[in-house]
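As provided, coords-v3.cif (mmCIF, C-alpha atoms) reads as follows.
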data_final
#
loop_
_atom_site.label_atom_id
_atom_site.label_comp_id
_atom_site.auth_asym_id
_atom_site.auth_seq_id
_atom_site.Cartn_x
_atom_site.Cartn_y
_atom_site.Cartn_z
CA MET S 1 115.42 206.49 81.19
CA PRO S 2 118.72 205.23 82.55
CA GLN S 3 118.06 201.50 82.15
CA PHE S 4 117.77 201.91 78.39
CA ASP S 5 121.16 203.53 78.15
CA THR S 6 123.29 201.27 75.97
CA SER S 7 126.47 201.97 77.86
CA THR S 8 125.09 200.27 81.02
CA PHE S 9 123.75 197.16 79.24
CA ILE S 10 126.79 195.00 79.99
CA SER S 11 126.80 195.75 83.71
CA GLN S 12 123.05 195.15 83.86
CA ILE S 13 123.39 191.77 82.11
CA PHE S 14 126.28 190.87 84.45
CA TRP S 15 124.26 191.60 87.57
CA LEU S 16 121.22 189.91 86.07
CA ALA S 17 123.26 186.75 85.51
CA ILE S 18 124.69 186.88 89.04
CA CYS S 19 121.25 187.43 90.65
CA LEU S 20 119.65 184.80 88.46
CA GLY S 21 122.45 182.36 89.31
CA MET S 22 122.00 183.00 93.03
CA VAL S 23 118.26 182.49 92.78
CA ILE S 24 118.75 179.25 90.82
CA PHE S 25 121.43 178.13 93.26
CA CYS S 26 119.11 178.79 96.22
CA TYR S 27 116.30 176.94 94.51
CA VAL S 28 118.44 173.94 93.63
CA ARG S 29 120.32 173.70 96.94
CA ILE S 30 117.79 174.93 99.50
CA PHE S 31 114.15 175.14 98.35
CA ILE S 32 113.80 172.11 96.07
CA PRO S 33 115.29 169.64 98.64
CA LYS S 34 112.95 171.01 101.31
CA PHE S 35 110.00 170.67 98.92
CA ASN S 36 111.10 167.12 98.11
CA GLN S 37 111.42 166.27 101.80
CA THR S 38 107.97 167.67 102.49
CA ILE S 39 106.49 165.79 99.55
CA GLU S 40 108.22 162.55 100.62
CA LYS S 41 106.98 162.98 104.19
CA ARG S 42 103.45 163.55 102.92
CA LEU S 43 103.67 160.54 100.62
CA SER S 44 105.05 158.34 103.39
CA LYS S 45 102.32 159.57 105.71
CA ILE S 46 99.71 158.85 103.06
CA ARG S 47 101.19 155.37 102.45
CA TYR S 48 101.26 154.70 106.20
CA ASP S 49 97.66 155.86 106.57
CA LEU S 50 96.60 153.71 103.61
CA ASP S 51 98.40 150.70 105.10
CA GLN S 52 96.77 151.34 108.45
CA ALA S 53 93.38 151.74 106.79
CA GLU S 54 93.90 148.49 104.88
CA HIS S 55 94.97 146.72 108.07
CA MET S 56 91.96 148.10 109.95
CA GLN S 57 89.72 147.05 107.06
CA GLU S 58 91.07 143.49 107.33
CA GLN S 59 90.53 143.51 111.09
CA ALA S 60 87.02 144.86 110.64
CA THR S 61 86.28 142.13 108.09
CA LEU S 62 87.60 139.47 110.49
CA LEU S 63 85.56 140.91 113.35
CA LEU S 64 82.47 141.04 111.13
CA GLU S 65 82.95 137.39 110.15
CA ARG S 66 83.45 136.39 113.79
CA SER S 67 80.41 138.32 114.92
CA GLN S 68 78.29 136.82 112.14
CA LYS S 69 79.49 133.36 113.10
CA LYS S 70 78.67 134.06 116.76
CA ILE S 71 75.23 135.33 115.76
CA GLU S 72 74.62 132.20 113.68
CA ASP S 73 75.77 130.02 116.59
CA ALA S 74 73.49 131.94 118.94
CA HIS S 75 70.57 131.47 116.52
CA ARG S 76 71.27 127.74 116.35
CA GLN S 77 71.48 127.51 120.13
CA VAL S 78 68.23 129.45 120.54
CA GLU S 79 66.50 127.23 117.98
CA GLN S 80 67.81 124.11 119.70
CA HIS S 81 66.75 125.43 123.10
CA LEU S 82 63.31 126.30 121.77
CA LYS S 83 62.95 122.84 120.23
CA GLU S 84 63.98 121.18 123.49
CA THR S 85 61.61 123.40 125.45
CA LEU S 86 58.73 122.67 123.07
CA ASP S 87 59.46 118.94 123.24
CA ASP S 88 59.58 119.12 127.03
CA LEU S 89 56.33 121.06 127.15
CA GLU S 90 54.70 118.58 124.77
CA LEU S 91 55.79 115.69 127.01
CA LYS S 92 54.49 117.47 130.11
CA LYS S 93 51.22 118.16 128.31
CA LYS S 94 50.83 114.50 127.40
CA ILE S 95 51.58 113.45 130.97
CA GLN S 96 49.08 115.93 132.36
CA LEU S 97 46.44 114.91 129.84
CA THR S 98 46.97 111.25 130.74
CA HIS S 99 46.70 112.13 134.43
CA ILE S 100 43.54 114.15 133.82
CA ASP S 101 42.07 111.32 131.70
CA ASP S 102 42.82 108.86 134.50
CA GLU S 103 41.22 111.16 137.07
CA LEU S 104 38.17 111.62 134.86
CA ALA S 105 37.88 107.86 134.30
CA ASP S 106 38.16 107.25 138.05
CA GLY S 107 35.59 109.96 138.72
CA LEU S 108 33.31 108.51 136.07
CA LYS S 109 33.58 105.02 137.61
CA ALA S 110 32.85 106.45 141.04
CA MET S 111 29.84 108.33 139.67
CA GLU S 112 28.59 105.18 137.94
CA LYS S 113 28.86 103.23 141.20
CA SER S 114 27.14 106.03 143.06
CA PHE S 115 24.44 106.16 140.38
CA GLU S 116 23.93 102.38 140.65
CA ARG S 117 23.67 102.60 144.45
CA GLN S 118 21.22 105.47 144.22
CA GLN S 119 19.23 103.56 141.62
CA LEU S 120 19.08 100.50 143.89
CA GLN S 121 18.14 102.67 146.86
CA LEU S 122 15.47 104.33 144.77
CA GLN S 123 14.09 100.99 143.70
CA GLU S 124 14.11 99.77 147.30
CA SER S 125 12.42 102.93 148.52
CA MET S 126 9.86 102.69 145.72
CA GLU S 127 8.78 99.17 146.75
CA PRO S 128 6.84 100.19 149.90
CA LEU S 129 5.35 103.11 148.01
CA ALA S 130 4.28 100.80 145.19
CA LYS S 131 2.81 98.31 147.68
CA ASP S 132 0.93 101.07 149.44
CA SER S 133 -0.33 102.51 146.12
CA LEU S 134 -1.36 99.05 144.93
CA ASN S 135 -3.08 98.41 148.23
CA GLN S 136 -5.06 101.64 147.97
CA ILE S 137 -5.99 100.96 144.37
CA LEU S 138 -7.09 97.46 145.22
CA THR S 139 -9.05 98.70 148.22
CA HIS S 140 -11.02 101.00 146.02
CA ILE S 141 -11.57 98.50 143.27
CA ILE S 142 -12.14 95.26 145.09
CA SER S 143 -13.79 94.66 148.37
CA LYS S 144 -11.37 91.89 149.46
CA PRO S 145 -7.91 93.40 149.39
CA SER S 146 -6.25 90.75 151.57
CA LYS S 147 -6.25 88.00 148.92
CA LEU S 148 -5.11 90.30 146.17
CA LEU S 149 -2.53 91.97 148.42
CA SER S 150 -0.83 88.67 149.13
CA ALA S 151 -0.84 87.85 145.39
CA ALA S 152 0.63 91.29 144.61
CA SER S 153 3.35 90.81 147.21
CA ASP S 154 4.34 87.52 145.63
CA THR S 155 4.51 89.09 142.16
CA THR S 156 6.62 92.07 143.31
CA SER S 157 9.15 89.86 145.06
CA ASP S 158 9.37 87.68 141.90
CA ASP S 159 9.77 90.80 139.73
CA LYS S 160 12.47 92.12 142.02
CA ALA S 161 14.47 88.92 141.68
CA LYS S 162 14.09 88.93 137.87
CA LYS S 163 15.05 92.55 137.34
CA LYS S 164 18.70 93.40 137.03
CA VAL S 165 19.96 96.89 137.05
CA SER S 166 21.66 97.68 133.75
CA ARG S 167 25.06 99.22 134.12
CA VAL S 168 25.54 102.58 132.41
CA THR S 169 28.78 102.77 130.42
CA HIS S 170 30.29 105.75 128.75
#
Any chance you could give the structure as structure tokens?
Amino acid sequence: MPQFDTSTFISQIFWLAICLGMVIFCYVRIFIPKFNQTIEKRLSKIRYDLDQAEHMQEQATLLLERSQKKIEDAHRQVEQHLKETLDDLELKKKIQLTHIDDELADGLKAMEKSFERQQLQLQESMEPLAKDSLNQILTHIISKPSKLLSAASDTTSDDKAKKKVSRVTH
């Protein structure tokens, strides 16, 4: 094998050193700076993205706090509106109940007056019927109804004056 020939060792070492030097030179002058630039660009991009993410996180936190505050304000406004509405409805209910009570009291008074009138009319209409019934009873019992009839008339007119119609109250 020619590479193991001892007479060519020096030339092989020479060319090995030259090739190795060129490779190292290329690495040091060309490849390593490009790798460093790429790594620095990536790191700067990562730092920028992290800064942006942190900034967006702060904005999101601020927006969340604002939205929570708005929600709390809206809840308070709704509660206040509901309270006002319930108070208003309660007041309207009381007014309507008072109005209904007044109407019922007026209706009850009118019915009492009507009942009293009807009671008086009934008593007045019962008087001739009572006289007639008494007259018939007396005719059957006694042979002289004229004397007793006049006495009965006197007693019914006295009773009528004495009787007072009691007023019904509720």
TODO: Work out how far apart CA of Thr98 (chain S) and CA of Ser114 (chain S) are and give it in Å to one decimal.
DONE: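 So the answer is 23.9 Å.
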Box time for region 94-97 of chain S: axis-aligned, enclosing all its listed atoms, 8 Å extra on each side; report centre and edge lengths in Å to one decimal, as AutoDock Vina command-line options.
--center_x 49.0 --center_y 114.7 --center_z 129.9 --size_x 21.1 --size_y 18.5 --size_z 21.0
TODO: Find the distance between CA of Ser44 (chain S) and CA of Met56 (chain S) and write it in Å to one decimal.
DONE: 17.9 Å
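Pairwise distance (CA of Thr61 (chain S), CA of Tyr48 (chain S)) equals 19.6 Å.
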Would you fill out region 43-79 of chain S with N, CA and C atoms and return it as a PDB file, in the frame of the given file?
ATOM      1  N   LEU S  43     103.923 161.812 101.284  1.00  0.00           N
ATOM      2  CA  LEU S  43     103.670 160.540 100.620  1.00  0.00           C
ATOM      3  C   LEU S  43     103.832 159.362 101.584  1.00  0.00           C
ATOM      4  N   SER S  44     104.866 159.422 102.426  1.00  0.00           N
ATOM      5  CA  SER S  44     105.050 158.340 103.390  1.00  0.00           C
ATOM      6  C   SER S  44     103.896 158.321 104.404  1.00  0.00           C
ATOM      7  N   LYS S  45     103.464 159.493 104.798  1.00  0.00           N
ATOM      8  CA  LYS S  45     102.320 159.570 105.710  1.00  0.00           C
ATOM      9  C   LYS S  45     101.064 159.010 105.046  1.00  0.00           C
ATOM     10  N   ILE S  46     100.875 159.356 103.792  1.00  0.00           N
ATOM     11  CA  ILE S  46      99.710 158.850 103.060  1.00  0.00           C
ATOM     12  C   ILE S  46      99.810 157.336 102.924  1.00  0.00           C
ATOM     13  N   ARG S  47     101.007 156.814 102.560  1.00  0.00           N
ATOM     14  CA  ARG S  47     101.190 155.370 102.450  1.00  0.00           C
ATOM     15  C   ARG S  47     100.937 154.681 103.790  1.00  0.00           C
ATOM     16  N   TYR S  48     101.468 155.271 104.861  1.00  0.00           N
ATOM     17  CA  TYR S  48     101.260 154.700 106.200  1.00  0.00           C
ATOM     18  C   TYR S  48      99.774 154.692 106.542  1.00  0.00           C
ATOM     19  N   ASP S  49      99.094 155.793 106.298  1.00  0.00           N
ATOM     20  CA  ASP S  49      97.660 155.860 106.570  1.00  0.00           C
ATOM     21  C   ASP S  49      96.882 154.851 105.730  1.00  0.00           C
ATOM     22  N   LEU S  50      97.259 154.696 104.460  1.00  0.00           N
ATOM     23  CA  LEU S  50      96.600 153.710 103.610  1.00  0.00           C
ATOM     24  C   LEU S  50      96.856 152.292 104.114  1.00  0.00           C
ATOM     25  N   ASP S  51      98.098 152.019 104.533  1.00  0.00           N
ATOM     26  CA  ASP S  51      98.400 150.700 105.100  1.00  0.00           C
ATOM     27  C   ASP S  51      97.606 150.449 106.368  1.00  0.00           C
ATOM     28  N   GLN S  52      97.549 151.463 107.216  1.00  0.00           N
ATOM     29  CA  GLN S  52      96.770 151.340 108.450  1.00  0.00           C
ATOM     30  C   GLN S  52      95.281 151.132 108.133  1.00  0.00           C
ATOM     31  N   ALA S  53      94.784 151.876 107.161  1.00  0.00           N
ATOM     32  CA  ALA S  53      93.380 151.740 106.790  1.00  0.00           C
ATOM     33  C   ALA S  53      93.110 150.338 106.231  1.00  0.00           C
ATOM     34  N   GLU S  54      94.051 149.839 105.427  1.00  0.00           N
ATOM     35  CA  GLU S  54      93.900 148.490 104.880  1.00  0.00           C
ATOM     36  C   GLU S  54      93.946 147.448 106.003  1.00  0.00           C
ATOM     37  N   HIS S  55      94.861 147.638 106.931  1.00  0.00           N
ATOM     38  CA  HIS S  55      94.970 146.720 108.070  1.00  0.00           C
ATOM     39  C   HIS S  55      93.693 146.766 108.916  1.00  0.00           C
ATOM     40  N   MET S  56      93.201 147.959 109.177  1.00  0.00           N
ATOM     41  CA  MET S  56      91.960 148.100 109.950  1.00  0.00           C
ATOM     42  C   MET S  56      90.781 147.502 109.195  1.00  0.00           C
ATOM     43  N   GLN S  57      90.780 147.647 107.863  1.00  0.00           N
ATOM     44  CA  GLN S  57      89.720 147.050 107.060  1.00  0.00           C
ATOM     45  C   GLN S  57      89.749 145.532 107.188  1.00  0.00           C
ATOM     46  N   GLU S  58      90.942 144.934 107.157  1.00  0.00           N
ATOM     47  CA  GLU S  58      91.070 143.490 107.330  1.00  0.00           C
ATOM     48  C   GLU S  58      90.592 143.061 108.712  1.00  0.00           C
ATOM     49  N   GLN S  59      90.979 143.831 109.740  1.00  0.00           N
ATOM     50  CA  GLN S  59      90.530 143.510 111.090  1.00  0.00           C
ATOM     51  C   GLN S  59      89.010 143.642 111.207  1.00  0.00           C
ATOM     52  N   ALA S  60      88.469 144.674 110.598  1.00  0.00           N
ATOM     53  CA  ALA S  60      87.020 144.860 110.640  1.00  0.00           C
ATOM     54  C   ALA S  60      86.310 143.711 109.931  1.00  0.00           C
ATOM     55  N   THR S  61      86.866 143.260 108.811  1.00  0.00           N
ATOM     56  CA  THR S  61      86.280 142.130 108.090  1.00  0.00           C
ATOM     57  C   THR S  61      86.330 140.869 108.945  1.00  0.00           C
ATOM     58  N   LEU S  62      87.477 140.634 109.604  1.00  0.00           N
ATOM     59  CA  LEU S  62      87.600 139.470 110.490  1.00  0.00           C
ATOM     60  C   LEU S  62      86.602 139.559 111.645  1.00  0.00           C
ATOM     61  N   LEU S  63      86.513 140.735 112.244  1.00  0.00           N
ATOM     62  CA  LEU S  63      85.560 140.910 113.350  1.00  0.00           C
ATOM     63  C   LEU S  63      84.118 140.722 112.873  1.00  0.00           C
ATOM     64  N   LEU S  64      83.813 141.210 111.682  1.00  0.00           N
ATOM     65  CA  LEU S  64      82.470 141.040 111.130  1.00  0.00           C
ATOM     66  C   LEU S  64      82.179 139.559 110.914  1.00  0.00           C
ATOM     67  N   GLU S  65      83.138 138.829 110.361  1.00  0.00           N
ATOM     68  CA  GLU S  65      82.950 137.390 110.150  1.00  0.00           C
ATOM     69  C   GLU S  65      82.769 136.663 111.474  1.00  0.00           C
ATOM     70  N   ARG S  66      83.575 137.022 112.460  1.00  0.00           N
ATOM     71  CA  ARG S  66      83.450 136.390 113.790  1.00  0.00           C
ATOM     72  C   ARG S  66      82.093 136.687 114.404  1.00  0.00           C
ATOM     73  N   SER S  67      81.689 137.959 114.315  1.00  0.00           N
ATOM     74  CA  SER S  67      80.410 138.320 114.920  1.00  0.00           C
ATOM     75  C   SER S  67      79.253 137.637 114.196  1.00  0.00           C
ATOM     76  N   GLN S  68      79.332 137.528 112.874  1.00  0.00           N
ATOM     77  CA  GLN S  68      78.290 136.820 112.140  1.00  0.00           C
ATOM     78  C   GLN S  68      78.259 135.349 112.515  1.00  0.00           C
ATOM     79  N   LYS S  69      79.440 134.754 112.694  1.00  0.00           N
ATOM     80  CA  LYS S  69      79.490 133.360 113.100  1.00  0.00           C
ATOM     81  C   LYS S  69      78.892 133.190 114.506  1.00  0.00           C
ATOM     82  N   LYS S  70      79.231 134.124 115.407  1.00  0.00           N
ATOM     83  CA  LYS S  70      78.670 134.060 116.760  1.00  0.00           C
ATOM     84  C   LYS S  70      77.152 134.227 116.719  1.00  0.00           C
ATOM     85  N   ILE S  71      76.677 135.122 115.878  1.00  0.00           N
ATOM     86  CA  ILE S  71      75.230 135.330 115.760  1.00  0.00           C
ATOM     87  C   ILE S  71      74.559 134.069 115.227  1.00  0.00           C
ATOM     88  N   GLU S  72      75.181 133.442 114.213  1.00  0.00           N
ATOM     89  CA  GLU S  72      74.620 132.200 113.680  1.00  0.00           C
ATOM     90  C   GLU S  72      74.622 131.106 114.744  1.00  0.00           C
ATOM     91  N   ASP S  73      75.715 131.017 115.511  1.00  0.00           N
ATOM     92  CA  ASP S  73      75.770 130.020 116.590  1.00  0.00           C
ATOM     93  C   ASP S  73      74.689 130.304 117.633  1.00  0.00           C
ATOM     94  N   ALA S  74      74.524 131.568 117.953  1.00  0.00           N
ATOM     95  CA  ALA S  74      73.490 131.940 118.940  1.00  0.00           C
ATOM     96  C   ALA S  74      72.101 131.584 118.398  1.00  0.00           C
ATOM     97  N   HIS S  75      71.855 131.837 117.112  1.00  0.00           N
ATOM     98  CA  HIS S  75      70.570 131.470 116.520  1.00  0.00           C
ATOM     99  C   HIS S  75      70.354 129.964 116.592  1.00  0.00           C
ATOM    100  N   ARG S  76      71.392 129.200 116.279  1.00  0.00           N
ATOM    101  CA  ARG S  76      71.270 127.740 116.350  1.00  0.00           C
ATOM    102  C   ARG S  76      70.989 127.292 117.777  1.00  0.00           C
ATOM    103  N   GLN S  77      71.690 127.885 118.733  1.00  0.00           N
ATOM    104  CA  GLN S  77      71.480 127.510 120.130  1.00  0.00           C
ATOM    105  C   GLN S  77      70.062 127.866 120.578  1.00  0.00           C
ATOM    106  N   VAL S  78      69.589 129.032 120.173  1.00  0.00           N
ATOM    107  CA  VAL S  78      68.230 129.450 120.540  1.00  0.00           C
ATOM    108  C   VAL S  78      67.208 128.503 119.914  1.00  0.00           C
ATOM    109  N   GLU S  79      67.420 128.157 118.632  1.00  0.00           N
ATOM    110  CA  GLU S  79      66.500 127.230 117.980  1.00  0.00           C
ATOM    111  C   GLU S  79      66.512 125.875 118.667  1.00  0.00           C
TER     112      GLU S  79
END
